[in-house]
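Participant: Just one file: work28.pdb, with PDB, C-alpha atoms and all ligand atoms.
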ATOM      1  CA  MET A   1     -26.020 -18.820 -47.803
ATOM      2  CA  ASN A   2     -28.597 -20.692 -45.777
ATOM      3  CA  TYR A   3     -27.163 -24.089 -46.585
ATOM      4  CA  ARG A   4     -24.067 -23.338 -44.495
ATOM      5  CA  TYR A   5     -26.140 -23.188 -41.366
ATOM      6  CA  THR A   6     -27.816 -26.485 -41.996
ATOM      7  CA  LEU A   7     -24.993 -28.400 -43.610
ATOM      8  CA  LEU A   8     -22.166 -27.622 -41.200
ATOM      9  CA  PRO A   9     -23.798 -28.812 -37.971
ATOM     10  CA  ALA A  10     -24.987 -31.968 -39.734
ATOM     11  CA  LEU A  11     -21.463 -32.605 -40.962
ATOM     12  CA  ALA A  12     -20.028 -31.993 -37.516
ATOM     13  CA  VAL A  13     -22.383 -34.528 -35.971
ATOM     14  CA  THR A  14     -21.448 -37.073 -38.623
ATOM     15  CA  VAL A  15     -17.719 -36.619 -38.070
ATOM     16  CA  THR A  16     -18.075 -36.865 -34.278
ATOM     17  CA  THR A  17     -20.205 -39.992 -34.563
ATOM     18  CA  LEU A  18     -17.679 -41.533 -36.907
ATOM     19  CA  ALA A  19     -14.801 -40.722 -34.563
ATOM     20  CA  LEU A  20     -16.664 -42.235 -31.616
ATOM     21  CA  ALA A  21     -17.664 -45.284 -33.650
ATOM     22  CA  GLN A  22     -14.000 -45.875 -34.525
ATOM     23  CA  GLY A  23     -12.992 -45.453 -30.896
ATOM     24  CA  GLN A  24     -10.746 -42.495 -31.671
ATOM     25  CA  GLN A  25      -9.780 -40.078 -28.976
ATOM     26  CA  THR A  26     -10.529 -36.454 -29.641
ATOM     27  CA  ALA A  27      -7.311 -35.189 -28.060
ATOM     28  CA  ALA A  28      -6.532 -31.486 -28.122
ATOM     29  CA  PRO A  29      -3.696 -30.513 -30.470
ATOM     30  CA  PHE A  30      -0.270 -29.906 -28.917
ATOM     31  CA  VAL A  31       0.643 -26.354 -27.905
ATOM     32  CA  VAL A  32       4.016 -24.997 -29.041
ATOM     33  CA  HIS A  33       5.624 -22.369 -26.772
ATOM     34  CA  GLN A  34       8.654 -20.347 -27.873
ATOM     35  CA  LEU A  35      11.314 -19.512 -25.241
ATOM     36  CA  LYS A  36      14.172 -18.167 -27.405
ATOM     37  CA  PRO A  37      14.576 -17.631 -31.166
ATOM     38  CA  ASN A  38      15.824 -21.252 -31.441
ATOM     39  CA  VAL A  39      14.240 -22.957 -28.403
ATOM     40  CA  TYR A  40      10.649 -24.177 -27.916
ATOM     41  CA  TRP A  41       8.727 -26.502 -25.640
ATOM     42  CA  VAL A  42       5.727 -28.515 -26.753
ATOM     43  CA  GLU A  43       2.845 -29.367 -24.449
ATOM     44  CA  GLY A  44       0.418 -32.272 -24.887
ATOM     45  CA  GLY A  45       0.442 -35.994 -25.646
ATOM     46  CA  GLY A  46       2.266 -37.053 -22.483
ATOM     47  CA  GLY A  47       5.432 -35.421 -21.153
ATOM     48  CA  ASN A  48       6.531 -31.988 -22.308
ATOM     49  CA  SER A  49       9.064 -31.963 -25.140
ATOM     50  CA  GLY A  50      11.868 -29.534 -25.924
ATOM     51  CA  VAL A  51      12.779 -28.447 -29.449
ATOM     52  CA  ILE A  52      16.180 -26.853 -30.069
ATOM     53  CA  VAL A  53      16.958 -25.666 -33.583
ATOM     54  CA  GLY A  54      20.683 -25.910 -34.358
ATOM     55  CA  ASP A  55      22.860 -25.091 -37.375
ATOM     56  CA  ARG A  56      21.811 -27.939 -39.626
ATOM     57  CA  GLY A  57      19.450 -30.026 -37.547
ATOM     58  CA  VAL A  58      17.033 -30.124 -34.638
ATOM     59  CA  ILE A  59      17.565 -31.596 -31.168
ATOM     60  CA  VAL A  60      14.455 -32.888 -29.389
ATOM     61  CA  VAL A  61      14.143 -33.473 -25.648
ATOM     62  CA  ASP A  62      11.607 -36.301 -24.977
ATOM     63  CA  ALA A  63       9.365 -37.771 -27.649
ATOM     64  CA  LYS A  64       5.729 -38.084 -26.380
ATOM     65  CA  THR A  65       3.722 -41.214 -25.524
ATOM     66  CA  SER A  66       2.751 -42.883 -28.794
ATOM     67  CA  ALA A  67       3.694 -43.059 -32.462
ATOM     68  CA  ALA A  68       0.759 -40.717 -33.203
ATOM     69  CA  GLY A  69       2.072 -38.236 -30.624
ATOM     70  CA  GLY A  70       5.604 -38.505 -31.985
ATOM     71  CA  LYS A  71       4.270 -37.772 -35.474
ATOM     72  CA  GLU A  72       2.298 -34.763 -34.249
ATOM     73  CA  LEU A  73       5.466 -33.452 -32.577
ATOM     74  CA  LEU A  74       7.444 -33.905 -35.821
ATOM     75  CA  ASP A  75       4.650 -32.143 -37.741
ATOM     76  CA  ASP A  76       4.826 -29.218 -35.288
ATOM     77  CA  ILE A  77       8.621 -29.061 -35.698
ATOM     78  CA  ALA A  78       8.220 -29.020 -39.493
ATOM     79  CA  LYS A  79       6.129 -25.843 -39.102
ATOM     80  CA  ILE A  80       9.029 -24.229 -37.163
ATOM     81  CA  THR A  81      11.931 -25.265 -39.406
ATOM     82  CA  PRO A  82      12.661 -27.385 -42.498
ATOM     83  CA  LYS A  83      15.784 -28.776 -40.736
ATOM     84  CA  PRO A  84      15.689 -32.518 -39.883
ATOM     85  CA  VAL A  85      15.616 -33.928 -36.358
ATOM     86  CA  THR A  86      19.061 -35.460 -35.857
ATOM     87  CA  ALA A  87      19.170 -36.115 -32.099
ATOM     88  CA  VAL A  88      16.772 -36.897 -29.266
ATOM     89  CA  ILE A  89      17.767 -36.576 -25.618
ATOM     90  CA  LEU A  90      15.684 -38.611 -23.140
ATOM     91  CA  THR A  91      15.245 -37.259 -19.601
ATOM     92  CA  HIS A  92      14.199 -40.726 -18.328
ATOM     93  CA  SER A  93      12.759 -44.061 -19.469
ATOM     94  CA  ASP A  94       9.008 -43.596 -18.888
ATOM     95  CA  GLY A  95       6.784 -44.391 -21.870
ATOM     96  CA  ASP A  96       5.134 -40.961 -21.918
ATOM     97  CA  HIS A  97       8.546 -39.465 -22.787
ATOM     98  CA  VAL A  98      10.009 -42.269 -24.913
ATOM     99  CA  ASN A  99       7.471 -44.241 -26.928
ATOM    100  CA  GLY A 100       6.733 -41.499 -29.487
ATOM    101  CA  LEU A 101      10.202 -42.291 -30.861
ATOM    102  CA  ALA A 102       8.417 -44.961 -32.921
ATOM    103  CA  ALA A 103       7.471 -42.179 -35.375
ATOM    104  CA  PHE A 104      11.005 -40.730 -35.601
ATOM    105  CA  PRO A 105      13.281 -41.358 -38.570
ATOM    106  CA  ALA A 106      15.381 -44.530 -38.470
ATOM    107  CA  GLY A 107      18.911 -43.800 -37.388
ATOM    108  CA  VAL A 108      18.131 -40.674 -35.351
ATOM    109  CA  LYS A 109      20.645 -40.415 -32.504
ATOM    110  CA  VAL A 110      19.017 -41.209 -29.133
ATOM    111  CA  ILE A 111      21.005 -39.879 -26.173
ATOM    112  CA  ALA A 112      20.214 -41.202 -22.674
ATOM    113  CA  HIS A 113      21.763 -42.075 -19.340
ATOM    114  CA  GLU A 114      23.135 -45.629 -19.245
ATOM    115  CA  ASN A 115      20.592 -46.611 -16.564
ATOM    116  CA  ASN A 116      17.747 -45.344 -18.777
ATOM    117  CA  LYS A 117      18.925 -47.844 -21.416
ATOM    118  CA  LYS A 118      18.948 -50.632 -18.791
ATOM    119  CA  GLU A 119      15.384 -49.740 -17.771
ATOM    120  CA  GLN A 120      14.234 -49.738 -21.405
ATOM    121  CA  ASP A 121      15.948 -53.090 -22.014
ATOM    122  CA  ALA A 122      14.098 -54.521 -18.996
ATOM    123  CA  ALA A 123      10.762 -53.084 -20.190
ATOM    124  CA  LEU A 124      11.368 -54.503 -23.663
ATOM    125  CA  ALA A 125      12.196 -57.943 -22.230
ATOM    126  CA  ALA A 126       9.006 -57.825 -20.130
ATOM    127  CA  GLY A 127       7.096 -56.842 -23.309
ATOM    128  CA  GLY A 128       3.442 -55.944 -23.547
ATOM    129  CA  ARG A 129       1.683 -52.611 -23.676
ATOM    130  CA  GLY A 130       3.967 -49.681 -23.021
ATOM    131  CA  ALA A 131       7.230 -51.360 -24.024
ATOM    132  CA  PRO A 132       9.601 -48.934 -25.782
ATOM    133  CA  PRO A 133      10.108 -49.106 -29.584
ATOM    134  CA  ALA A 134      12.861 -51.705 -30.099
ATOM    135  CA  ASP A 135      14.281 -49.920 -33.156
ATOM    136  CA  HIS A 136      14.851 -46.608 -31.321
ATOM    137  CA  LEU A 137      16.695 -47.639 -28.164
ATOM    138  CA  PRO A 138      19.316 -45.218 -26.798
ATOM    139  CA  SER A 139      22.341 -45.180 -29.117
ATOM    140  CA  GLN A 140      24.604 -42.768 -27.233
ATOM    141  CA  LEU A 141      24.900 -43.480 -23.507
ATOM    142  CA  ILE A 142      25.859 -40.934 -20.862
ATOM    143  CA  THR A 143      27.971 -42.561 -18.143
ATOM    144  CA  LYS A 144      29.343 -39.489 -16.371
ATOM    145  CA  ASN A 145      27.424 -37.350 -13.893
ATOM    146  CA  GLU A 146      28.117 -34.300 -16.017
ATOM    147  CA  ASP A 147      28.733 -34.212 -19.730
ATOM    148  CA  THR A 148      28.814 -31.358 -22.222
ATOM    149  CA  LEU A 149      27.919 -32.096 -25.822
ATOM    150  CA  THR A 150      27.850 -29.818 -28.832
ATOM    151  CA  LEU A 151      24.935 -30.861 -31.018
ATOM    152  CA  GLU A 152      24.249 -29.023 -34.269
ATOM    153  CA  GLY A 153      26.419 -26.187 -32.955
ATOM    154  CA  VAL A 154      24.406 -25.905 -29.706
ATOM    155  CA  LYS A 155      26.135 -26.442 -26.353
ATOM    156  CA  VAL A 156      24.118 -28.857 -24.208
ATOM    157  CA  GLU A 157      25.008 -29.742 -20.623
ATOM    158  CA  LEU A 158      23.667 -33.055 -19.290
ATOM    159  CA  HIS A 159      23.489 -33.615 -15.535
ATOM    160  CA  HIS A 160      22.825 -36.717 -13.458
ATOM    161  CA  TRP A 161      23.313 -35.909  -9.783
ATOM    162  CA  ALA A 162      21.721 -39.039  -8.308
ATOM    163  CA  PRO A 163      18.918 -41.556  -8.906
ATOM    164  CA  ALA A 164      15.759 -39.499  -8.282
ATOM    165  CA  HIS A 165      12.565 -39.984 -10.361
ATOM    166  CA  THR A 166      14.291 -43.074 -11.852
ATOM    167  CA  SER A 167      17.836 -44.458 -11.784
ATOM    168  CA  GLY A 168      18.581 -42.951 -15.188
ATOM    169  CA  ASP A 169      17.464 -39.319 -14.988
ATOM    170  CA  LEU A 170      19.170 -36.690 -17.147
ATOM    171  CA  ILE A 171      18.662 -32.963 -16.683
ATOM    172  CA  VAL A 172      19.225 -30.989 -19.897
ATOM    173  CA  TYR A 173      20.708 -27.494 -19.538
ATOM    174  CA  LEU A 174      21.379 -25.021 -22.319
ATOM    175  CA  PRO A 175      24.001 -22.693 -20.775
ATOM    176  CA  ALA A 176      23.937 -20.067 -23.544
ATOM    177  CA  GLU A 177      20.124 -19.830 -23.534
ATOM    178  CA  GLN A 178      19.839 -20.475 -19.762
ATOM    179  CA  ILE A 179      17.007 -22.963 -20.128
ATOM    180  CA  VAL A 180      16.603 -26.213 -18.155
ATOM    181  CA  PHE A 181      14.552 -29.276 -19.103
ATOM    182  CA  THR A 182      13.987 -31.082 -15.797
ATOM    183  CA  GLY A 183      12.118 -34.184 -16.935
ATOM    184  CA  ASP A 184       9.819 -35.609 -14.261
ATOM    185  CA  ILE A 185      12.050 -34.469 -11.390
ATOM    186  CA  ILE A 186       9.591 -31.602 -11.598
ATOM    187  CA  ALA A 187       6.109 -32.789 -12.599
ATOM    188  CA  MET A 188       3.247 -30.562 -11.646
ATOM    189  CA  GLN A 189       0.462 -33.173 -11.342
ATOM    190  CA  LEU A 190       1.159 -33.468  -7.621
ATOM    191  CA  PRO A 191       2.816 -31.178  -5.079
ATOM    192  CA  ASP A 192       5.128 -33.991  -3.911
ATOM    193  CA  PRO A 193       8.036 -35.550  -5.824
ATOM    194  CA  LEU A 194       7.200 -38.559  -7.987
ATOM    195  CA  ILE A 195       9.597 -41.430  -7.340
ATOM    196  CA  HIS A 196       9.667 -44.767  -9.194
ATOM    197  CA  LEU A 197      10.945 -47.111  -6.482
ATOM    198  CA  GLU A 198      10.717 -50.004  -8.969
ATOM    199  CA  LYS A 199      13.157 -48.090 -11.223
ATOM    200  CA  ASN A 200      15.446 -47.481  -8.248
ATOM    201  CA  GLY A 201      14.478 -43.847  -7.866
ATOM    202  CA  SER A 202      15.197 -42.177  -4.522
ATOM    203  CA  SER A 203      13.668 -39.417  -2.413
ATOM    204  CA  GLU A 204      17.087 -38.438  -1.057
ATOM    205  CA  GLY A 205      18.408 -38.429  -4.633
ATOM    206  CA  TRP A 206      15.445 -36.274  -5.636
ATOM    207  CA  ILE A 207      16.507 -33.672  -3.080
ATOM    208  CA  THR A 208      20.143 -33.823  -4.282
ATOM    209  CA  THR A 209      18.996 -33.516  -7.896
ATOM    210  CA  THR A 210      16.610 -30.636  -7.260
ATOM    211  CA  LYS A 211      19.369 -28.786  -5.373
ATOM    212  CA  GLY A 212      21.504 -29.262  -8.488
ATOM    213  CA  ILE A 213      18.701 -27.952 -10.702
ATOM    214  CA  VAL A 214      18.210 -24.752  -8.691
ATOM    215  CA  GLY A 215      22.005 -24.266  -8.760
ATOM    216  CA  LEU A 216      21.907 -23.821 -12.553
ATOM    217  CA  LYS A 217      21.929 -20.285 -13.911
ATOM    218  CA  SER A 218      18.392 -20.078 -15.294
ATOM    219  CA  ASP A 219      14.934 -18.812 -14.598
ATOM    220  CA  GLN A 220      13.162 -20.875 -17.243
ATOM    221  CA  PHE A 221      12.573 -24.477 -16.199
ATOM    222  CA  VAL A 222      10.522 -26.733 -18.484
ATOM    223  CA  PRO A 223       9.082 -29.451 -16.209
ATOM    224  CA  GLY A 224       8.193 -32.981 -17.313
ATOM    225  CA  HIS A 225       4.509 -32.086 -16.978
ATOM    226  CA  GLY A 226       2.758 -28.759 -16.480
ATOM    227  CA  ASP A 227       3.689 -25.165 -17.200
ATOM    228  CA  LEU A 228       7.046 -23.417 -17.363
ATOM    229  CA  GLN A 229       8.463 -22.873 -13.837
ATOM    230  CA  THR A 230      10.605 -20.196 -12.222
ATOM    231  CA  LYS A 231      13.547 -20.907  -9.939
ATOM    232  CA  ALA A 232      11.568 -19.584  -6.964
ATOM    233  CA  ALA A 233       8.770 -22.105  -7.634
ATOM    234  CA  ILE A 234      11.242 -24.992  -7.728
ATOM    235  CA  GLN A 235      12.970 -23.772  -4.573
ATOM    236  CA  LYS A 236       9.564 -23.808  -2.848
ATOM    237  CA  ARG A 237       8.943 -27.389  -4.018
ATOM    238  CA  LEU A 238      12.381 -28.383  -2.758
ATOM    239  CA  ALA A 239      11.853 -26.784   0.657
ATOM    240  CA  ASP A 240       8.432 -28.444   1.022
ATOM    241  CA  ALA A 241       9.818 -31.874   0.094
ATOM    242  CA  GLU A 242      12.792 -31.494   2.458
ATOM    243  CA  ALA A 243      10.481 -30.535   5.329
ATOM    244  CA  LYS A 244       8.120 -33.432   4.615
ATOM    245  CA  ARG A 245      10.983 -35.919   4.341
ATOM    246  CA  ALA A 246      12.501 -34.679   7.619
ATOM    247  CA  LYS A 247       9.124 -35.072   9.338
ATOM    248  CA  ILE A 248       8.732 -38.638   8.013
ATOM    249  CA  LYS A 249      12.267 -39.481   9.152
ATOM    250  CA  GLU A 250      11.403 -38.251  12.642
ATOM    251  CA  LEU A 251       8.208 -40.368  12.729
ATOM    252  CA  VAL A 252      10.048 -43.477  11.495
ATOM    253  CA  ALA A 253      12.673 -42.954  14.225
ATOM    254  CA  GLN A 254       9.794 -42.930  16.733
ATOM    255  CA  GLY A 255       8.716 -46.339  15.406
ATOM    256  CA  LYS A 256       5.509 -45.148  13.729
ATOM    257  CA  THR A 257       3.818 -47.454  11.204
ATOM    258  CA  LEU A 258       3.262 -46.510   7.574
ATOM    259  CA  ASP A 259      -0.417 -45.806   8.257
ATOM    260  CA  GLU A 260       0.521 -43.527  11.152
ATOM    261  CA  VAL A 261       3.084 -41.728   8.988
ATOM    262  CA  LYS A 262       0.548 -41.271   6.176
ATOM    263  CA  ALA A 263      -2.083 -39.999   8.602
ATOM    264  CA  ALA A 264       0.404 -37.482   9.997
ATOM    265  CA  VAL A 265       1.820 -36.052   6.757
ATOM    266  CA  ASP A 266      -0.688 -36.682   3.957
ATOM    267  CA  PRO A 267      -3.806 -34.584   3.510
ATOM    268  CA  PRO A 268      -6.930 -36.793   3.685
ATOM    269  CA  PRO A 269      -7.640 -38.640   1.469
ATOM    270  CA  ALA A 270      -4.172 -39.943   0.579
ATOM    271  CA  ALA A 271      -2.781 -38.489  -2.639
ATOM    272  CA  PRO A 272      -4.095 -40.359  -5.690
ATOM    273  CA  ALA A 273      -1.809 -41.566  -8.450
ATOM    274  CA  PRO A 274      -1.337 -38.822 -11.062
ATOM    275  CA  ALA A 275      -3.445 -38.998 -14.202
ATOM    276  CA  GLY A 276      -1.648 -39.360 -17.490
ATOM    277  CA  GLY A 277       1.545 -40.571 -15.876
ATOM    278  CA  GLY A 278       1.966 -43.143 -18.564
ATOM    279  CA  ARG A 279       1.872 -46.884 -18.394
ATOM    280  CA  GLY A 280       3.304 -49.103 -15.741
ATOM    281  CA  PRO A 281       2.923 -49.110 -12.005
ATOM    282  CA  ALA A 282       1.106 -46.219 -10.352
ATOM    283  CA  PHE A 283       3.234 -43.953  -8.196
ATOM    284  CA  ALA A 284       3.283 -44.576  -4.470
ATOM    285  CA  PRO A 285       2.695 -41.409  -2.456
ATOM    286  CA  PHE A 286       5.864 -39.621  -1.326
ATOM    287  CA  SER A 287       5.171 -40.587   2.314
ATOM    288  CA  GLN A 288       5.184 -44.282   1.380
ATOM    289  CA  VAL A 289       8.334 -43.898  -0.747
ATOM    290  CA  VAL A 290      10.285 -42.284   2.075
ATOM    291  CA  TYR A 291       8.921 -44.736   4.669
ATOM    292  CA  THR A 292       9.896 -47.703   2.468
ATOM    293  CA  GLU A 293      13.406 -46.318   1.921
ATOM    294  CA  LEU A 294      13.991 -45.660   5.612
ATOM    295  CA  THR A 295      12.693 -49.018   6.835
ATOM    296  CA  LYS A 296      13.900 -51.444   4.158
ATOM    297  CA  LYS A 297      17.210 -52.436   5.772
TER     298      LYS A 297
HETATM  299 ZN    ZN A 301       6.137 -38.207 -17.389
END
Translate the structure described by the file into structure tokens.

Facilitator:
Amino acid sequence: MNYRYTLLPALAVTVTTLALAQGQQTAAPFVVHQLKPNVYWVEGGGGNSGVIVGDRGVIVVDAKTSAAGGKELLDDIAKITPKPVTAVILTHSDGDHVNGLAAFPAGVKVIAHENNKKEQDAALAAGGRGAPPADHLPSQLITKNEDTLTLEGVKVELHHWAPAHTSGDLIVYLPAEQIVFTGDIIAMQLPDPLIHLEKNGSSEGWITTTKGIVGLKSDQFVPGHGDLQTKAAIQKRLADAEAKRAKIKELVAQGKTLDEVKAAVDPPPAAPAPAGGGRGPAFAPFSQVVYTELTKK
């Protein structure tokens, strides 16, 4: 029996050294949370993902950051059901929600807002690290502000109230199960909304969108990042953002500079860019986003 106590630690050290030598990350495994008999959300590896098990296939909401993450997600789904993944819905175009598609089967249906596709096309044309997988671009585009699809026998409502986090946000609502996948409209890394100005996101659109989200009949909201949220928590976020935006608007009307606005509304030091937000430009603080919008004319 004694050998176990000597052999195992030695082996552990060897494996760790090997992993470090190969530059591998020792990321924690994903965590699968069940919400309903047929609905799950999966935490880890970038943005949260949704997994909806239908009659003959599985619908996934957002696909993780990398091919390795996409594969881990598919492996987790295979432990839930033997049914194949037949459709992926993208909440927006950021790499931490899209690029794991590289591991998905060829020909899987990818559903996204038309502006998400435009943003992915632009990222692909720009190339480099973080570009989306060219063989898994959106194949079914949503052009209306509200669309109801039946996928694998499951009713799925898709909402786009306004440009908010990006120009191509989609909010996924399951009316029968009363579950909402918000994408990064709600992302818990920071108290303030995260707006991609370079993807034509909008703070005013964020408020419109979040009002739409709290108007849905649900008390289970899966955010883009962080834990499951209640309606009350999202209402609080909305009220805080509305108050902050109103304050900034007032200061801009008084002719205050950006630095003065930041000093007045941001806690010192100014909010840092969120960790793990994926590739691409860092997020400007909400104060700067609103200031830029209100003064750009
Ligand atoms: Zn994200």

Participant: Set the cut-off to 8 Å, count all atoms listed in the file, and list whatever residues fall near ligand ZN 301 (chain A) as a PDB file with C-alpha atoms, in the frame of the given file.

Facilitator:
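Below is the file result04.pdb, written as the result:
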ATOM      1  CA  GLY A  46       2.266 -37.053 -22.483  1.00  0.00           C
ATOM      2  CA  GLY A  47       5.432 -35.421 -21.153  1.00  0.00           C
ATOM      3  CA  ASN A  48       6.531 -31.988 -22.308  1.00  0.00           C
ATOM      4  CA  ASP A  94       9.008 -43.596 -18.888  1.00  0.00           C
ATOM      5  CA  GLY A  95       6.784 -44.391 -21.870  1.00  0.00           C
ATOM      6  CA  ASP A  96       5.134 -40.961 -21.918  1.00  0.00           C
ATOM      7  CA  HIS A  97       8.546 -39.465 -22.787  1.00  0.00           C
ATOM      8  CA  GLY A 183      12.118 -34.184 -16.935  1.00  0.00           C
ATOM      9  CA  ASP A 184       9.819 -35.609 -14.261  1.00  0.00           C
ATOM     10  CA  ALA A 187       6.109 -32.789 -12.599  1.00  0.00           C
ATOM     11  CA  GLY A 224       8.193 -32.981 -17.313  1.00  0.00           C
ATOM     12  CA  HIS A 225       4.509 -32.086 -16.978  1.00  0.00           C
ATOM     13  CA  GLY A 276      -1.648 -39.360 -17.490  1.00  0.00           C
ATOM     14  CA  GLY A 277       1.545 -40.571 -15.876  1.00  0.00           C
ATOM     15  CA  GLY A 278       1.966 -43.143 -18.564  1.00  0.00           C
TER      16      GLY A 278
END

Participant: When the PyMOL selection byres (((chain A and resi 284-297) around 12) and not hetatm) is applied to the file above, which residues end up in the set, as a ChimeraX atom specification?

Facilitator: /A:164-165,190-198,200-207,240-267,269-274,281-283

Participant: Please, what distance in Å, to one decimal, runs between atom CA of Val98 of chain A and atom CA of Lys199 of chain A?

Facilitator: 15.2 Å

Participant: Between atom CA of Gln235 of chain A and atom CA of Asp62 of chain A, what is the spacing in Å?

Facilitator: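 About the pair atom CA of Asp62 of chain A and atom CA of Gln235 of chain A: they are 24.0 Å apart.
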
Participant: Within 6 Å of Glu157 of chain A, counting all atoms listed in the file, which residues show up once you throw out same-chain ones fewer than 5 positions away? Write them as a ChimeraX atom specification, please.

Facilitator: /A:147-148,172-173

Participant: Extract, using all atoms listed in the file, all DNA, RNA and protein residues at most 12 Å from Asp219 of chain A, discarding same-chain residues fewer than 3 positions from it, and format them as a list of chain:residue names.

Facilitator: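 The contact residues come out as A:Leu35, A:Tyr173, A:Leu174, A:Pro175, A:Glu177, A:Gln178, A:Ile179, A:Val180, A:Phe181, A:Ile213, A:Val214, A:Gly215, A:Leu216, A:Val222, A:Leu228, A:Gln229, A:Thr230, A:Lys231, A:Ala232, A:Ala233, A:Ile234, A:Gln235.
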
Participant: Kindly save the residues from that selection, with C-alpha atoms included, as a PDB file, in the coordinates of the input.

Facilitator:
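Contents of selection34.pdb, as written:
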ATOM      1  CA  LEU A  35      11.314 -19.512 -25.241  1.00  0.00           C
ATOM      2  CA  TYR A 173      20.708 -27.494 -19.538  1.00  0.00           C
ATOM      3  CA  LEU A 174      21.379 -25.021 -22.319  1.00  0.00           C
ATOM      4  CA  PRO A 175      24.001 -22.693 -20.775  1.00  0.00           C
ATOM      5  CA  GLU A 177      20.124 -19.830 -23.534  1.00  0.00           C
ATOM      6  CA  GLN A 178      19.839 -20.475 -19.762  1.00  0.00           C
ATOM      7  CA  ILE A 179      17.007 -22.963 -20.128  1.00  0.00           C
ATOM      8  CA  VAL A 180      16.603 -26.213 -18.155  1.00  0.00           C
ATOM      9  CA  PHE A 181      14.552 -29.276 -19.103  1.00  0.00           C
ATOM     10  CA  ILE A 213      18.701 -27.952 -10.702  1.00  0.00           C
ATOM     11  CA  VAL A 214      18.210 -24.752  -8.691  1.00  0.00           C
ATOM     12  CA  GLY A 215      22.005 -24.266  -8.760  1.00  0.00           C
ATOM     13  CA  LEU A 216      21.907 -23.821 -12.553  1.00  0.00           C
ATOM     14  CA  VAL A 222      10.522 -26.733 -18.484  1.00  0.00           C
ATOM     15  CA  LEU A 228       7.046 -23.417 -17.363  1.00  0.00           C
ATOM     16  CA  GLN A 229       8.463 -22.873 -13.837  1.00  0.00           C
ATOM     17  CA  THR A 230      10.605 -20.196 -12.222  1.00  0.00           C
ATOM     18  CA  LYS A 231      13.547 -20.907  -9.939  1.00  0.00           C
ATOM     19  CA  ALA A 232      11.568 -19.584  -6.964  1.00  0.00           C
ATOM     20  CA  ALA A 233       8.770 -22.105  -7.634  1.00  0.00           C
ATOM     21  CA  ILE A 234      11.242 -24.992  -7.728  1.00  0.00           C
ATOM     22  CA  GLN A 235      12.970 -23.772  -4.573  1.00  0.00           C
TER      23      GLN A 235
END

Participant: When you draw a straight line from atom CA of Val85 of chain A to atom CA of Gln220 of chain A, how long is it in Å?

Facilitator: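 So the answer is 23.3 Å.
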
Participant: As a PyMOL selection string, please: the residues near segment 66-77 of chain A (cut-off 12 Å, all atoms listed in the file, same-chain neighbours under 4 positions excluded).

Facilitator: chain A and resi 24-25+27-34+38-53+57-62+81-86+88+94-105+129-133+136+278-279

Participant: For Leu238 of chain A, which of A:Thr210, A:Thr166, A:Ser139, A:Ser218 is the closest residue, counting only C-alpha atoms?

Facilitator: A:Thr210

Participant: Give me the residues near Ile111 of chain A as an MDAnalysis selection string, where near means some atom within 6 Å (using only C-alpha atoms) and where sequence neighbours in that chain fewer than 5 positions away do not count.

Facilitator: chainID A and resid 89 138 140:141
